Amino acid sequence: MKLPIHSPDELVAAIPHLLGFQPEASIVLLPLRSDLPVARVDIPTTARDRDGVWHSISDAFRRYAQPDSNVAIVCLSADREQAHVVGQDFAARLGTIGIGTPILLWADETRWADLDTGDMGLLTDVARETVAAATVLSGRAQPAASRESLAESLVADREPVAALLPETRAAARESTAKAEGHWALARMQRFQRDGIRLSDADAARLLVAIESTPTRDRLWLDMNRGNAGSHVALWTDMTKRAPDEVRAAPASLLGFASWLSGHGALAWCALDQVPQDKPYALANLVAAAVQSGMHPREWEASKTLTADRGTEALAPTRTTAPQGAVRPAHGM
């Protein structure tokens with residue numbers, strides 16, 4: 001998503017729309033007309049914390065840095081003095097890898113200030129409404145009130161599908177993997193056409209079908225930047241309704257579709273829904289893509305390799321997001 005920004009007020013108002021939620025006590029790095037990632041971290045309060053945050057995000061920024069790359073740094077905090085220290089520190093660090101920081105702002109709940117010039121202003125409803133209107137026109141959902149509420153939106157009543165799983169598995173055993181795979185693909189394509197929520201019976205059947213890695217990968221390989229929004233809608237619903245035993249696949253597919261459509265925070269929340277009791281290769285791949293700041297267009301280039309060699313050939317060891325929750329996601 002690209003947004004036209006005309007003032008510091010609008011820049012601050014754009015942040016929740018780019019992240020997918022309203023952040024608090026954060027430093028946010030926003031690319032200006034470049035392929036650099038958007039990143040958000042909790043404001044590091046010590047020099048050691050700043051070193052840790054820089055270690056976690058620097059490779060992602062080096063990966064796409066160009067001679068004319070610039071980012072805006074926005075520190076969201078009640079403590080302007082702390083924001084100044086942190087903002088200047090990260091501006092200097094970005095400068096060491098050739099990335100300019102022409103905009104360095106502090107903002108609290110009501111005001112913004114330019115930490116270079118000292119200019120100040122109010123955060124206005126006009127700016128928030130202007131940015132919100134632009135995101136609606138782009139088809140992007142309105143942001144959640146917080147990251148916690150975004151995570152909670154992926155949990156719904158899972159009992160109806162859980163109750164159907166035994167008979168669904170029995171029916172799948174009477175069928176064939178090939179037939180169930182064909183049905184799953186057709187059911188996904190039907191959802192992409194009509195957008196109608198799956199019945200509990202169809203949801204249970206789809207969740208059982210994608211336990212098969214070839215079936216899951218066939219649906220995964222259908223994803224592209226053009227249809228990612230439809231995949232986000234489908235796999236959000238499946239993740240919300242899936243019991244633990246069948247949630248790894250839909251949550252991983254949601255994570256991948258979210259990353260592909262530029263929703264880095266939703267991708268992380270989806271990965272948090274993957275049960276942790278056993279490794280899951282597709283979740284590993286999504287975590288690596290988001291953590292490294294990989295640009296979604298690289299997916300198209302890698303699809304042939306993935307189709308030939310499978311998920312296991314590409315998935316690195318799953319990593320845990322560092323303290324402070326780095327959330328790379330391409331935006332402006």
# chains A, B, ... in the order shown; residues from 1 in each chain; ligands from 1
>>> select_by_dssp(residues="range 220-278 of chain A", states="alpha helix (DSSP H)", output="PDB file with all heavy atoms, in the first residue's frame")
ATOM      1  N   TRP A 220      -1.304 -23.238  -1.155  1.00  0.00           N
ATOM      2  CA  TRP A 220      -0.278 -22.219  -0.870  1.00  0.00           C
ATOM      3  C   TRP A 220       0.285 -21.644  -2.165  1.00  0.00           C
ATOM      4  O   TRP A 220       0.430 -20.431  -2.313  1.00  0.00           O
ATOM      5  CB  TRP A 220       0.807 -22.866  -0.015  1.00  0.00           C
ATOM      6  CG  TRP A 220       2.022 -22.030   0.229  1.00  0.00           C
ATOM      7  CD1 TRP A 220       2.072 -20.708   0.549  1.00  0.00           C
ATOM      8  CD2 TRP A 220       3.372 -22.482   0.172  1.00  0.00           C
ATOM      9  NE1 TRP A 220       3.373 -20.302   0.705  1.00  0.00           N
ATOM     10  CE2 TRP A 220       4.188 -21.379   0.488  1.00  0.00           C
ATOM     11  CE3 TRP A 220       3.963 -23.719  -0.090  1.00  0.00           C
ATOM     12  CZ2 TRP A 220       5.583 -21.472   0.536  1.00  0.00           C
ATOM     13  CZ3 TRP A 220       5.346 -23.808  -0.031  1.00  0.00           C
ATOM     14  CH2 TRP A 220       6.141 -22.699   0.271  1.00  0.00           C
ATOM     15  N   ALA A 228      -3.931 -12.246  -2.666  1.00  0.00           N
ATOM     16  CA  ALA A 228      -3.567 -12.442  -1.253  1.00  0.00           C
ATOM     17  C   ALA A 228      -4.676 -12.006  -0.315  1.00  0.00           C
ATOM     18  O   ALA A 228      -4.889 -12.619   0.735  1.00  0.00           O
ATOM     19  CB  ALA A 228      -2.274 -11.693  -0.932  1.00  0.00           C
ATOM     20  N   GLY A 229      -5.407 -10.952  -0.670  1.00  0.00           N
ATOM     21  CA  GLY A 229      -6.484 -10.481   0.196  1.00  0.00           C
ATOM     22  C   GLY A 229      -7.560 -11.529   0.403  1.00  0.00           C
ATOM     23  O   GLY A 229      -8.081 -11.704   1.514  1.00  0.00           O
ATOM     24  N   SER A 230      -7.905 -12.252  -0.670  1.00  0.00           N
ATOM     25  CA  SER A 230      -8.894 -13.320  -0.560  1.00  0.00           C
ATOM     26  C   SER A 230      -8.376 -14.454   0.314  1.00  0.00           C
ATOM     27  O   SER A 230      -9.116 -15.030   1.126  1.00  0.00           O
ATOM     28  CB  SER A 230      -9.256 -13.838  -1.952  1.00  0.00           C
ATOM     29  OG  SER A 230     -10.152 -14.920  -1.874  1.00  0.00           O
ATOM     30  N   HIS A 231      -7.103 -14.775   0.153  1.00  0.00           N
ATOM     31  CA  HIS A 231      -6.512 -15.811   1.005  1.00  0.00           C
ATOM     32  C   HIS A 231      -6.502 -15.383   2.467  1.00  0.00           C
ATOM     33  O   HIS A 231      -6.751 -16.200   3.368  1.00  0.00           O
ATOM     34  CB  HIS A 231      -5.094 -16.136   0.532  1.00  0.00           C
ATOM     35  CG  HIS A 231      -5.038 -17.120  -0.588  1.00  0.00           C
ATOM     36  ND1 HIS A 231      -5.168 -18.473  -0.393  1.00  0.00           N
ATOM     37  CD2 HIS A 231      -4.878 -16.954  -1.931  1.00  0.00           C
ATOM     38  CE1 HIS A 231      -5.078 -19.106  -1.557  1.00  0.00           C
ATOM     39  NE2 HIS A 231      -4.907 -18.205  -2.505  1.00  0.00           N
ATOM     40  N   VAL A 232      -6.200 -14.111   2.742  1.00  0.00           N
ATOM     41  CA  VAL A 232      -6.226 -13.621   4.126  1.00  0.00           C
ATOM     42  C   VAL A 232      -7.618 -13.826   4.717  1.00  0.00           C
ATOM     43  O   VAL A 232      -7.765 -14.294   5.853  1.00  0.00           O
ATOM     44  CB  VAL A 232      -5.826 -12.134   4.193  1.00  0.00           C
ATOM     45  CG1 VAL A 232      -6.156 -11.544   5.567  1.00  0.00           C
ATOM     46  CG2 VAL A 232      -4.337 -11.966   3.903  1.00  0.00           C
ATOM     47  N   ALA A 233      -8.659 -13.496   3.957  1.00  0.00           N
ATOM     48  CA  ALA A 233     -10.027 -13.641   4.454  1.00  0.00           C
ATOM     49  C   ALA A 233     -10.353 -15.101   4.758  1.00  0.00           C
ATOM     50  O   ALA A 233     -10.919 -15.428   5.821  1.00  0.00           O
ATOM     51  CB  ALA A 233     -11.014 -13.078   3.440  1.00  0.00           C
ATOM     52  N   LEU A 234      -9.996 -16.014   3.837  1.00  0.00           N
ATOM     53  CA  LEU A 234     -10.302 -17.434   4.039  1.00  0.00           C
ATOM     54  C   LEU A 234      -9.559 -17.999   5.232  1.00  0.00           C
ATOM     55  O   LEU A 234     -10.159 -18.635   6.118  1.00  0.00           O
ATOM     56  CB  LEU A 234      -9.944 -18.222   2.779  1.00  0.00           C
ATOM     57  CG  LEU A 234     -10.076 -19.744   2.897  1.00  0.00           C
ATOM     58  CD1 LEU A 234     -11.516 -20.148   3.190  1.00  0.00           C
ATOM     59  CD2 LEU A 234      -9.579 -20.435   1.623  1.00  0.00           C
ATOM     60  N   TRP A 235      -8.243 -17.773   5.282  1.00  0.00           N
ATOM     61  CA  TRP A 235      -7.439 -18.427   6.310  1.00  0.00           C
ATOM     62  C   TRP A 235      -7.584 -17.746   7.668  1.00  0.00           C
ATOM     63  O   TRP A 235      -7.342 -18.384   8.700  1.00  0.00           O
ATOM     64  CB  TRP A 235      -5.985 -18.528   5.853  1.00  0.00           C
ATOM     65  CG  TRP A 235      -5.885 -19.310   4.588  1.00  0.00           C
ATOM     66  CD1 TRP A 235      -5.453 -18.865   3.368  1.00  0.00           C
ATOM     67  CD2 TRP A 235      -6.308 -20.675   4.377  1.00  0.00           C
ATOM     68  NE1 TRP A 235      -5.565 -19.855   2.418  1.00  0.00           N
ATOM     69  CE2 TRP A 235      -6.085 -20.977   3.006  1.00  0.00           C
ATOM     70  CE3 TRP A 235      -6.847 -21.659   5.200  1.00  0.00           C
ATOM     71  CZ2 TRP A 235      -6.378 -22.221   2.459  1.00  0.00           C
ATOM     72  CZ3 TRP A 235      -7.147 -22.902   4.662  1.00  0.00           C
ATOM     73  CH2 TRP A 235      -6.910 -23.166   3.304  1.00  0.00           C
ATOM     74  N   THR A 236      -8.011 -16.475   7.691  1.00  0.00           N
ATOM     75  CA  THR A 236      -8.376 -15.867   8.969  1.00  0.00           C
ATOM     76  C   THR A 236      -9.549 -16.616   9.574  1.00  0.00           C
ATOM     77  O   THR A 236      -9.538 -16.991  10.762  1.00  0.00           O
ATOM     78  CB  THR A 236      -8.750 -14.381   8.779  1.00  0.00           C
ATOM     79  OG1 THR A 236      -7.591 -13.639   8.383  1.00  0.00           O
ATOM     80  CG2 THR A 236      -9.286 -13.783  10.075  1.00  0.00           C
ATOM     81  N   ASP A 237     -10.572 -16.870   8.766  1.00  0.00           N
ATOM     82  CA  ASP A 237     -11.746 -17.577   9.264  1.00  0.00           C
ATOM     83  C   ASP A 237     -11.389 -18.999   9.680  1.00  0.00           C
ATOM     84  O   ASP A 237     -11.845 -19.489  10.722  1.00  0.00           O
ATOM     85  CB  ASP A 237     -12.831 -17.589   8.186  1.00  0.00           C
ATOM     86  CG  ASP A 237     -14.145 -18.163   8.694  1.00  0.00           C
ATOM     87  OD1 ASP A 237     -14.576 -17.770   9.797  1.00  0.00           O
ATOM     88  OD2 ASP A 237     -14.736 -19.012   7.993  1.00  0.00           O
ATOM     89  N   MET A 238     -10.567 -19.681   8.885  1.00  0.00           N
ATOM     90  CA  MET A 238     -10.190 -21.048   9.232  1.00  0.00           C
ATOM     91  C   MET A 238      -9.355 -21.080  10.513  1.00  0.00           C
ATOM     92  O   MET A 238      -9.534 -21.966  11.360  1.00  0.00           O
ATOM     93  CB  MET A 238      -9.401 -21.693   8.086  1.00  0.00           C
ATOM     94  CG  MET A 238     -10.207 -21.951   6.818  1.00  0.00           C
ATOM     95  SD  MET A 238     -11.598 -23.105   7.046  1.00  0.00           S
ATOM     96  CE  MET A 238     -12.943 -21.923   7.299  1.00  0.00           C
ATOM     97  N   THR A 239      -8.450 -20.133  10.689  1.00  0.00           N
ATOM     98  CA  THR A 239      -7.630 -20.086  11.900  1.00  0.00           C
ATOM     99  C   THR A 239      -8.490 -19.824  13.127  1.00  0.00           C
ATOM    100  O   THR A 239      -8.300 -20.438  14.181  1.00  0.00           O
ATOM    101  CB  THR A 239      -6.557 -18.994  11.763  1.00  0.00           C
ATOM    102  OG1 THR A 239      -5.718 -19.287  10.636  1.00  0.00           O
ATOM    103  CG2 THR A 239      -5.695 -18.908  13.016  1.00  0.00           C
ATOM    104  N   LYS A 240      -9.455 -18.951  13.003  1.00  0.00           N
ATOM    105  CA  LYS A 240     -10.347 -18.629  14.116  1.00  0.00           C
ATOM    106  C   LYS A 240     -11.140 -19.844  14.573  1.00  0.00           C
ATOM    107  O   LYS A 240     -11.417 -20.012  15.758  1.00  0.00           O
ATOM    108  CB  LYS A 240     -11.314 -17.510  13.706  1.00  0.00           C
ATOM    109  CG  LYS A 240     -10.662 -16.157  13.533  1.00  0.00           C
ATOM    110  CD  LYS A 240     -11.573 -15.177  12.833  1.00  0.00           C
ATOM    111  CE  LYS A 240     -12.768 -14.794  13.675  1.00  0.00           C
ATOM    112  NZ  LYS A 240     -13.523 -13.660  13.070  1.00  0.00           N
ATOM    113  N   ARG A 241     -11.498 -20.719  13.645  1.00  0.00           N
ATOM    114  CA  ARG A 241     -12.405 -21.836  13.944  1.00  0.00           C
ATOM    115  C   ARG A 241     -11.682 -23.162  14.146  1.00  0.00           C
ATOM    116  O   ARG A 241     -12.315 -24.158  14.534  1.00  0.00           O
ATOM    117  CB  ARG A 241     -13.421 -21.972  12.801  1.00  0.00           C
ATOM    118  CG  ARG A 241     -14.267 -20.721  12.631  1.00  0.00           C
ATOM    119  CD  ARG A 241     -14.920 -20.626  11.266  1.00  0.00           C
ATOM    120  NE  ARG A 241     -15.959 -21.627  11.067  1.00  0.00           N
ATOM    121  CZ  ARG A 241     -16.578 -21.820   9.902  1.00  0.00           C
ATOM    122  NH1 ARG A 241     -16.250 -21.096   8.840  1.00  0.00           N
ATOM    123  NH2 ARG A 241     -17.518 -22.731   9.809  1.00  0.00           N
ATOM    124  N   ALA A 248      -2.262 -25.669  12.687  1.00  0.00           N
ATOM    125  CA  ALA A 248      -0.939 -25.279  12.182  1.00  0.00           C
ATOM    126  C   ALA A 248      -1.000 -24.864  10.715  1.00  0.00           C
ATOM    127  O   ALA A 248      -0.413 -23.838  10.323  1.00  0.00           O
ATOM    128  CB  ALA A 248       0.062 -26.416  12.382  1.00  0.00           C
ATOM    129  N   ALA A 249      -1.705 -25.635   9.899  1.00  0.00           N
ATOM    130  CA  ALA A 249      -1.736 -25.344   8.461  1.00  0.00           C
ATOM    131  C   ALA A 249      -2.476 -24.044   8.148  1.00  0.00           C
ATOM    132  O   ALA A 249      -1.929 -23.175   7.448  1.00  0.00           O
ATOM    133  CB  ALA A 249      -2.353 -26.516   7.698  1.00  0.00           C
ATOM    134  N   PRO A 250      -3.716 -23.850   8.620  1.00  0.00           N
ATOM    135  CA  PRO A 250      -4.391 -22.598   8.279  1.00  0.00           C
ATOM    136  C   PRO A 250      -3.698 -21.368   8.857  1.00  0.00           C
ATOM    137  O   PRO A 250      -3.655 -20.314   8.207  1.00  0.00           O
ATOM    138  CB  PRO A 250      -5.795 -22.768   8.861  1.00  0.00           C
ATOM    139  CG  PRO A 250      -5.659 -23.791   9.919  1.00  0.00           C
ATOM    140  CD  PRO A 250      -4.596 -24.729   9.410  1.00  0.00           C
ATOM    141  N   ALA A 251      -3.138 -21.470  10.054  1.00  0.00           N
ATOM    142  CA  ALA A 251      -2.443 -20.327  10.642  1.00  0.00           C
ATOM    143  C   ALA A 251      -1.192 -19.982   9.837  1.00  0.00           C
ATOM    144  O   ALA A 251      -0.876 -18.802   9.636  1.00  0.00           O
ATOM    145  CB  ALA A 251      -2.085 -20.612  12.090  1.00  0.00           C
ATOM    146  N   SER A 252      -0.491 -20.993   9.365  1.00  0.00           N
ATOM    147  CA  SER A 252       0.694 -20.742   8.543  1.00  0.00           C
ATOM    148  C   SER A 252       0.316 -20.146   7.195  1.00  0.00           C
ATOM    149  O   SER A 252       0.987 -19.237   6.688  1.00  0.00           O
ATOM    150  CB  SER A 252       1.485 -22.034   8.345  1.00  0.00           C
ATOM    151  OG  SER A 252       1.954 -22.533   9.577  1.00  0.00           O
ATOM    152  N   LEU A 253      -0.756 -20.654   6.598  1.00  0.00           N
ATOM    153  CA  LEU A 253      -1.233 -20.083   5.338  1.00  0.00           C
ATOM    154  C   LEU A 253      -1.692 -18.644   5.533  1.00  0.00           C
ATOM    155  O   LEU A 253      -1.443 -17.777   4.680  1.00  0.00           O
ATOM    156  CB  LEU A 253      -2.371 -20.939   4.773  1.00  0.00           C
ATOM    157  CG  LEU A 253      -1.955 -22.308   4.239  1.00  0.00           C
ATOM    158  CD1 LEU A 253      -3.187 -23.191   4.000  1.00  0.00           C
ATOM    159  CD2 LEU A 253      -1.141 -22.179   2.948  1.00  0.00           C
ATOM    160  N   LEU A 254      -2.344 -18.359   6.654  1.00  0.00           N
ATOM    161  CA  LEU A 254      -2.736 -16.986   6.953  1.00  0.00           C
ATOM    162  C   LEU A 254      -1.498 -16.115   7.134  1.00  0.00           C
ATOM    163  O   LEU A 254      -1.455 -14.978   6.637  1.00  0.00           O
ATOM    164  CB  LEU A 254      -3.596 -16.947   8.219  1.00  0.00           C
ATOM    165  CG  LEU A 254      -3.911 -15.545   8.760  1.00  0.00           C
ATOM    166  CD1 LEU A 254      -4.630 -14.700   7.709  1.00  0.00           C
ATOM    167  CD2 LEU A 254      -4.720 -15.637  10.043  1.00  0.00           C
ATOM    168  N   GLY A 255      -0.504 -16.623   7.836  1.00  0.00           N
ATOM    169  CA  GLY A 255       0.719 -15.852   8.017  1.00  0.00           C
ATOM    170  C   GLY A 255       1.362 -15.507   6.689  1.00  0.00           C
ATOM    171  O   GLY A 255       1.785 -14.369   6.466  1.00  0.00           O
ATOM    172  N   PHE A 256       1.412 -16.476   5.789  1.00  0.00           N
ATOM    173  CA  PHE A 256       2.041 -16.230   4.489  1.00  0.00           C
ATOM    174  C   PHE A 256       1.223 -15.239   3.671  1.00  0.00           C
ATOM    175  O   PHE A 256       1.772 -14.298   3.079  1.00  0.00           O
ATOM    176  CB  PHE A 256       2.200 -17.544   3.718  1.00  0.00           C
ATOM    177  CG  PHE A 256       3.146 -17.414   2.565  1.00  0.00           C
ATOM    178  CD1 PHE A 256       4.506 -17.610   2.736  1.00  0.00           C
ATOM    179  CD2 PHE A 256       2.691 -17.055   1.309  1.00  0.00           C
ATOM    180  CE1 PHE A 256       5.384 -17.463   1.674  1.00  0.00           C
ATOM    181  CE2 PHE A 256       3.561 -16.902   0.245  1.00  0.00           C
ATOM    182  CZ  PHE A 256       4.917 -17.110   0.428  1.00  0.00           C
ATOM    183  N   ALA A 257      -0.098 -15.413   3.620  1.00  0.00           N
ATOM    184  CA  ALA A 257      -0.945 -14.503   2.860  1.00  0.00           C
ATOM    185  C   ALA A 257      -0.879 -13.089   3.441  1.00  0.00           C
ATOM    186  O   ALA A 257      -0.892 -12.097   2.688  1.00  0.00           O
ATOM    187  CB  ALA A 257      -2.383 -15.004   2.850  1.00  0.00           C
ATOM    188  N   SER A 258      -0.789 -12.983   4.756  1.00  0.00           N
ATOM    189  CA  SER A 258      -0.691 -11.668   5.395  1.00  0.00           C
ATOM    190  C   SER A 258       0.612 -10.988   5.015  1.00  0.00           C
ATOM    191  O   SER A 258       0.641  -9.796   4.687  1.00  0.00           O
ATOM    192  CB  SER A 258      -0.786 -11.814   6.918  1.00  0.00           C
ATOM    193  OG  SER A 258      -2.003 -12.413   7.293  1.00  0.00           O
ATOM    194  N   TRP A 259       1.717 -11.730   5.074  1.00  0.00           N
ATOM    195  CA  TRP A 259       3.003 -11.169   4.665  1.00  0.00           C
ATOM    196  C   TRP A 259       2.956 -10.743   3.203  1.00  0.00           C
ATOM    197  O   TRP A 259       3.423  -9.660   2.835  1.00  0.00           O
ATOM    198  CB  TRP A 259       4.116 -12.196   4.881  1.00  0.00           C
ATOM    199  CG  TRP A 259       5.382 -11.840   4.182  1.00  0.00           C
ATOM    200  CD1 TRP A 259       6.286 -10.875   4.540  1.00  0.00           C
ATOM    201  CD2 TRP A 259       5.881 -12.413   2.969  1.00  0.00           C
ATOM    202  NE1 TRP A 259       7.312 -10.815   3.627  1.00  0.00           N
ATOM    203  CE2 TRP A 259       7.087 -11.749   2.658  1.00  0.00           C
ATOM    204  CE3 TRP A 259       5.425 -13.423   2.124  1.00  0.00           C
ATOM    205  CZ2 TRP A 259       7.848 -12.070   1.532  1.00  0.00           C
ATOM    206  CZ3 TRP A 259       6.172 -13.747   1.005  1.00  0.00           C
ATOM    207  CH2 TRP A 259       7.375 -13.074   0.717  1.00  0.00           C
ATOM    208  N   LEU A 260       2.369 -11.585   2.356  1.00  0.00           N
ATOM    209  CA  LEU A 260       2.331 -11.307   0.928  1.00  0.00           C
ATOM    210  C   LEU A 260       1.540 -10.028   0.638  1.00  0.00           C
ATOM    211  O   LEU A 260       1.838  -9.306  -0.314  1.00  0.00           O
ATOM    212  CB  LEU A 260       1.694 -12.493   0.200  1.00  0.00           C
ATOM    213  CG  LEU A 260       1.950 -12.655  -1.303  1.00  0.00           C
ATOM    214  CD1 LEU A 260       3.429 -12.768  -1.601  1.00  0.00           C
ATOM    215  CD2 LEU A 260       1.206 -13.879  -1.825  1.00  0.00           C
ATOM    216  N   GLY A 264       2.388  -7.261   8.076  1.00  0.00           N
ATOM    217  CA  GLY A 264       3.388  -7.942   8.885  1.00  0.00           C
ATOM    218  C   GLY A 264       2.900  -8.288  10.280  1.00  0.00           C
ATOM    219  O   GLY A 264       3.194  -9.366  10.794  1.00  0.00           O
ATOM    220  N   ALA A 265       2.151  -7.374  10.916  1.00  0.00           N
ATOM    221  CA  ALA A 265       1.668  -7.647  12.273  1.00  0.00           C
ATOM    222  C   ALA A 265       0.697  -8.811  12.284  1.00  0.00           C
ATOM    223  O   ALA A 265       0.739  -9.668  13.176  1.00  0.00           O
ATOM    224  CB  ALA A 265       1.012  -6.392  12.854  1.00  0.00           C
ATOM    225  N   LEU A 266      -0.201  -8.869  11.298  1.00  0.00           N
ATOM    226  CA  LEU A 266      -1.144  -9.983  11.228  1.00  0.00           C
ATOM    227  C   LEU A 266      -0.402 -11.289  10.968  1.00  0.00           C
ATOM    228  O   LEU A 266      -0.781 -12.345  11.490  1.00  0.00           O
ATOM    229  CB  LEU A 266      -2.178  -9.735  10.128  1.00  0.00           C
ATOM    230  CG  LEU A 266      -3.273 -10.788   9.976  1.00  0.00           C
ATOM    231  CD1 LEU A 266      -4.052 -10.961  11.276  1.00  0.00           C
ATOM    232  CD2 LEU A 266      -4.216 -10.419   8.831  1.00  0.00           C
ATOM    233  N   ALA A 267       0.666 -11.227  10.185  1.00  0.00           N
ATOM    234  CA  ALA A 267       1.470 -12.435   9.944  1.00  0.00           C
ATOM    235  C   ALA A 267       2.036 -12.972  11.251  1.00  0.00           C
ATOM    236  O   ALA A 267       1.985 -14.180  11.518  1.00  0.00           O
ATOM    237  CB  ALA A 267       2.591 -12.136   8.954  1.00  0.00           C
ATOM    238  N   TRP A 268       2.569 -12.081  12.099  1.00  0.00           N
ATOM    239  CA  TRP A 268       3.101 -12.529  13.381  1.00  0.00           C
ATOM    240  C   TRP A 268       2.004 -13.082  14.272  1.00  0.00           C
ATOM    241  O   TRP A 268       2.190 -14.095  14.962  1.00  0.00           O
ATOM    242  CB  TRP A 268       3.814 -11.382  14.094  1.00  0.00           C
ATOM    243  CG  TRP A 268       5.212 -11.144  13.636  1.00  0.00           C
ATOM    244  CD1 TRP A 268       5.716 -10.009  13.078  1.00  0.00           C
ATOM    245  CD2 TRP A 268       6.310 -12.063  13.692  1.00  0.00           C
ATOM    246  NE1 TRP A 268       7.046 -10.164  12.779  1.00  0.00           N
ATOM    247  CE2 TRP A 268       7.441 -11.411  13.145  1.00  0.00           C
ATOM    248  CE3 TRP A 268       6.446 -13.372  14.148  1.00  0.00           C
ATOM    249  CZ2 TRP A 268       8.680 -12.027  13.057  1.00  0.00           C
ATOM    250  CZ3 TRP A 268       7.694 -13.987  14.052  1.00  0.00           C
ATOM    251  CH2 TRP A 268       8.792 -13.316  13.512  1.00  0.00           C
ATOM    252  N   CYS A 269       0.856 -12.418  14.291  1.00  0.00           N
ATOM    253  CA  CYS A 269      -0.251 -12.911  15.116  1.00  0.00           C
ATOM    254  C   CYS A 269      -0.702 -14.289  14.637  1.00  0.00           C
ATOM    255  O   CYS A 269      -1.068 -15.148  15.447  1.00  0.00           O
ATOM    256  CB  CYS A 269      -1.414 -11.924  15.084  1.00  0.00           C
ATOM    257  SG  CYS A 269      -1.092 -10.380  15.978  1.00  0.00           S
ATOM    258  N   ALA A 270      -0.700 -14.490  13.319  1.00  0.00           N
ATOM    259  CA  ALA A 270      -1.057 -15.803  12.783  1.00  0.00           C
ATOM    260  C   ALA A 270      -0.057 -16.864  13.246  1.00  0.00           C
ATOM    261  O   ALA A 270      -0.447 -17.970  13.643  1.00  0.00           O
ATOM    262  CB  ALA A 270      -1.116 -15.748  11.259  1.00  0.00           C
ATOM    263  N   LEU A 271       1.234 -16.538  13.198  1.00  0.00           N
ATOM    264  CA  LEU A 271       2.244 -17.498  13.635  1.00  0.00           C
ATOM    265  C   LEU A 271       2.080 -17.834  15.113  1.00  0.00           C
ATOM    266  O   LEU A 271       2.367 -18.964  15.537  1.00  0.00           O
ATOM    267  CB  LEU A 271       3.646 -16.948  13.372  1.00  0.00           C
ATOM    268  CG  LEU A 271       4.062 -16.833  11.903  1.00  0.00           C
ATOM    269  CD1 LEU A 271       5.483 -16.297  11.812  1.00  0.00           C
ATOM    270  CD2 LEU A 271       3.945 -18.170  11.182  1.00  0.00           C
ATOM    271  N   ASP A 272       1.615 -16.865  15.896  1.00  0.00           N
ATOM    272  CA  ASP A 272       1.376 -17.143  17.313  1.00  0.00           C
ATOM    273  C   ASP A 272       0.268 -18.175  17.510  1.00  0.00           C
ATOM    274  O   ASP A 272       0.158 -18.783  18.579  1.00  0.00           O
ATOM    275  CB  ASP A 272       0.988 -15.851  18.047  1.00  0.00           C
ATOM    276  CG  ASP A 272       2.157 -14.895  18.204  1.00  0.00           C
ATOM    277  OD1 ASP A 272       3.312 -15.336  18.064  1.00  0.00           O
ATOM    278  OD2 ASP A 272       1.915 -13.695  18.459  1.00  0.00           O
TER     279      ASP A 272
END
>>> residues_around(residues="range 97-100 of chain A", least_positions_apart="5", cutoff="7 Å", atoms="only C-alpha atoms", output="list of chain:residue names")
A:Arg62, A:Ala65, A:Pro67, A:Ser69, A:Asn70, A:Val71
